[in-house]
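Student: First, the structure itself, so that you have it in front of you.
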Amino acid sequence: MDLLNTLVEKGLRRETPTREEALAVLATSDDELLDVVAAAGKVRRAWFGRRVKLNYLVNLKSGLCPEDCSYCSQRLGSKSGILKYTWLKPEQAAAAAGAGVAGGAKRVCLVASGRGPTDRDVDRVSQTIAAIKEEHQDVEICACLGLLSDGQAERLKDAGANAYNHNLNTSEATYGDITTTHTYADRVSTVQQAQAAGMSACSGLIAGMGESDEDLVDVVFSLRELDPDSVPVNFLIPIEGTPLAGDWNLTPQRCLRILAMVRFVCPDVEVRLAGGREIHLRTLQPLALNLANSIFLGDYLTTEGQSGKDDLAMIADAGFEVEGTDTTTLPAHRADVAAAGSGCGGHGGEGGGCGPCGDAVPADAVPDAVPAGAVPAGAVPADAVPAQAAAGATVSAATGARESHADLVAVRRRGAGTDLPPNA
């Protein structure tokens, strides 16, 4: 396809596709899916080889959030049966982080529910960062604490935080339909504060909330303008007790097209396969490694993920390798800027938002094909649906909507805040 050839060439030059080209990726048919994955896979491998970075979540404070984000089980008035607890002690968080590091995680993401941290909360997190770094000196720390106030990003950076996560989630045009207690602009401002303080910015999206293709392209282009170093792609986990519990809008094929579009728009950025991958990609998860170069290991904030050992087996079986702590994740042109402490790993400058650089990649750096064993385009055999789905759910070939699916989402009952060991 001429479209895919054009997108590969642009990706190798770090040139932004047009909106029409991005929309065209989302509009491709299932018969074209493997071609789309192969093309985006060339871009992924040119910048990141066959490495997969592992990340591990530690939920420092769970539930009882005053915000009303429709997708979140920790939201105000949530009826979800999730774990609820206040701040973990630094030694508890360090022990939880250690489970992820032992499983191969290179980055630990410290997350706390709430609108944003108080200055006392920043002190707590700073003590937790110190406790983790004392035991695991080389591990990257990413904080995710909500909206930041003046000076807090700098304090987190001084405490040893390498990165800050705050997702845009959806397009600016539809943001008010998802959340009313803060604005899209608030989220953009927090990402920019993290960058200005010298932290690596991590900001992504949630797909499957009823958005249009145009909304998906809008948010990804907004992310490209912000220029974070890491873009997590979450697929909505419709947890019972949230307003979006009935929104099952994704198929494995659509998830792959979304990941491919993100890779084409953000070619040299760490694209992270995040929440919901097990539920929505199912047996096509290994194929997604040709698009994303980073995943979360084990469980998520309030739901259980695939076991860590199964994640590691999936990576090896698909012909990829776990990225070691002695390897720099980002390409040199991004890593050099990030190491200088400017906060923007792409082009430097406060707040990011630069245009494409136009640097080409040598032709011999680009593999020619998707690895052997890739699943044929559009083929999801009936026996590929997990057993728990087959027992109580039917899948519509046209929409992927499920009639019964509460049993697909396992609420987290282990890890930090429980007496059970983490799933790493």
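Chains: A, B, ... in order of the structure tokens. Residues: from 1 per chain. Ligands: from 1, in order shown.
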Can you check which parts of segment 98-126 of chain A lie within 12 Å of segment 165-168 of chain A? Per residue, the shortest pair of atoms and distance in Å to one decimal, counting only C-alpha atoms, sorted by chain and number, as JSON lines.

Tutor:
{"residue": "A:Val108", "atom": "CA", "partner": "A:Asn165", "partner_atom": "CA", "distance": 11.6}
{"residue": "A:Cys109", "atom": "CA", "partner": "A:Asn165", "partner_atom": "CA", "distance": 8.4}
{"residue": "A:Leu110", "atom": "CA", "partner": "A:Asn165", "partner_atom": "CA", "distance": 9.4}
{"residue": "A:Val111", "atom": "CA", "partner": "A:Asn165", "partner_atom": "CA", "distance": 8.9}
{"residue": "A:Ala112", "atom": "CA", "partner": "A:Asn165", "partner_atom": "CA", "distance": 11.3}
{"residue": "A:Arg115", "atom": "CA", "partner": "A:His166", "partner_atom": "CA", "distance": 11.5}
{"residue": "A:Gly116", "atom": "CA", "partner": "A:His166", "partner_atom": "CA", "distance": 10.7}

Student: Just N, CA and C atoms for this one: save the residues we selected as a tab-separated table (two decimals), in the first residue's frame.

Tutor:
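For reference, part.tsv as written:
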chain	number	residue	atom	x	y	z
A	108	VAL	N	9.72	1.83	37.91
A	108	VAL	CA	8.65	1.68	38.88
A	108	VAL	C	7.80	2.94	38.85
A	109	CYS	N	6.50	2.76	38.68
A	109	CYS	CA	5.57	3.88	38.59
A	109	CYS	C	4.81	4.00	39.91
A	110	LEU	N	5.02	5.10	40.61
A	110	LEU	CA	4.38	5.34	41.90
A	110	LEU	C	3.13	6.17	41.68
A	111	VAL	N	1.98	5.58	41.98
A	111	VAL	CA	0.70	6.21	41.65
A	111	VAL	C	-0.10	6.41	42.94
A	112	ALA	N	-0.79	7.54	43.01
A	112	ALA	CA	-1.67	7.80	44.15
A	112	ALA	C	-2.95	8.43	43.65
A	115	ARG	N	-6.96	14.31	43.39
A	115	ARG	CA	-6.88	15.39	42.41
A	115	ARG	C	-5.43	15.79	42.16
A	116	GLY	N	-4.67	15.83	43.23
A	116	GLY	CA	-3.27	16.20	43.14
A	116	GLY	C	-2.66	16.17	44.52

Student: Excluding Ala161 of chain A and residues on its chain fewer than 6 positions from it, collect all residues at most 9 Å away from it, counting only C-alpha atoms, and give them as a ChimeraX atom specification.

Tutor: /A:126,129,140-143,155,199

Student: Compile the contact shell of segment 290-301 of chain A as number ranges by chain: residues with an atom at most 7 Å away, counting only C-alpha atoms, same-chain residues fewer than 3 positions apart removed.

Tutor: A: 37, 40-41, 44, 48, 51-57, 59, 259-260, 263, 270-275, 287, 304-308, 311, 423-424

Student: Quick one: of A:Ala197, A:Thr325, A:Glu32, A:Ala410, who's nearest to Val101 of chain A, counting only C-alpha atoms?

Tutor: A:Thr325

Student: What gap, in Å, lies between atom CA of Thr242 of chain A and atom CA of Leu64 of chain A?

Tutor: 13.4 Å

Student: I want to know what sits within 12 Å of segment 169-179 of chain A, based on only C-alpha atoms, with residues of the same chain fewer than 4 positions away left out; could you give that as JSON, numbers by chain?

Tutor: {"A": [66, 67, 68, 69, 70, 71, 72, 75, 76, 115, 165, 183, 184, 185, 186, 187, 188, 202, 203, 204, 205, 206, 207, 208, 209, 210, 211, 212, 213, 214, 215, 216, 217, 218, 219, 220, 221, 222, 223, 231, 232, 233, 234, 235, 236, 242, 243, 244]}

Student: Just checking: using only C-alpha atoms, which residue out of A:Asp121, A:Pro17, A:Leu26, A:Pro331 ends up closest to Cys255 of chain A?

Tutor: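 Smallest separation from Cys255 of chain A among the options: A:Leu26.
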
Student: Of the candidates A:Asp247, A:Asp150, A:Glu91, A:Glu323, which shows the shortest atom-to-atom distance to Thr128 of chain A, using only C-alpha atoms?

Tutor: A:Glu91

Student: Record the distance separating atom CA of Ile239 of chain A and atom CA of Ile279 of chain A, expressed in Å with one decimal.

Tutor: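 So the two atoms, atom CA of Ile239 of chain A and atom CA of Ile279 of chain A, lie 11.6 Å apart.
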
Student: Between A:Gly319, A:Ala416, A:Thr190, A:Glu154, which is the closest to Tyr85 of chain A once you count only C-alpha atoms?

Tutor: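 Using only C-alpha atoms, the shortest distance to Tyr85 of chain A belongs to A:Ala416.
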
Student: To test your reading of the structure, identify every residue in segment 39-119 of chain A that backbone DSSP assigns to strand (DSSP E), and report it as a list in words.

Tutor: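 The residues of segment 39-119 of chain A classed as strand (DSSP E) are Arg51, Val52, Lys53, Leu54, Asn55, Tyr56, Leu57, Val58, Asn59, Leu60, Lys61, Arg107, Val108, Cys109, Leu110, Val111 and Ala112 of chain A.
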
Student: Please, what distance in Å, to one decimal, runs between atom CA of Gln193 of chain A and atom CA of Gly98 of chain A?

Tutor: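 Atom-to-atom, atom CA of Gln193 of chain A to atom CA of Gly98 of chain A, that is 29.0 Å.
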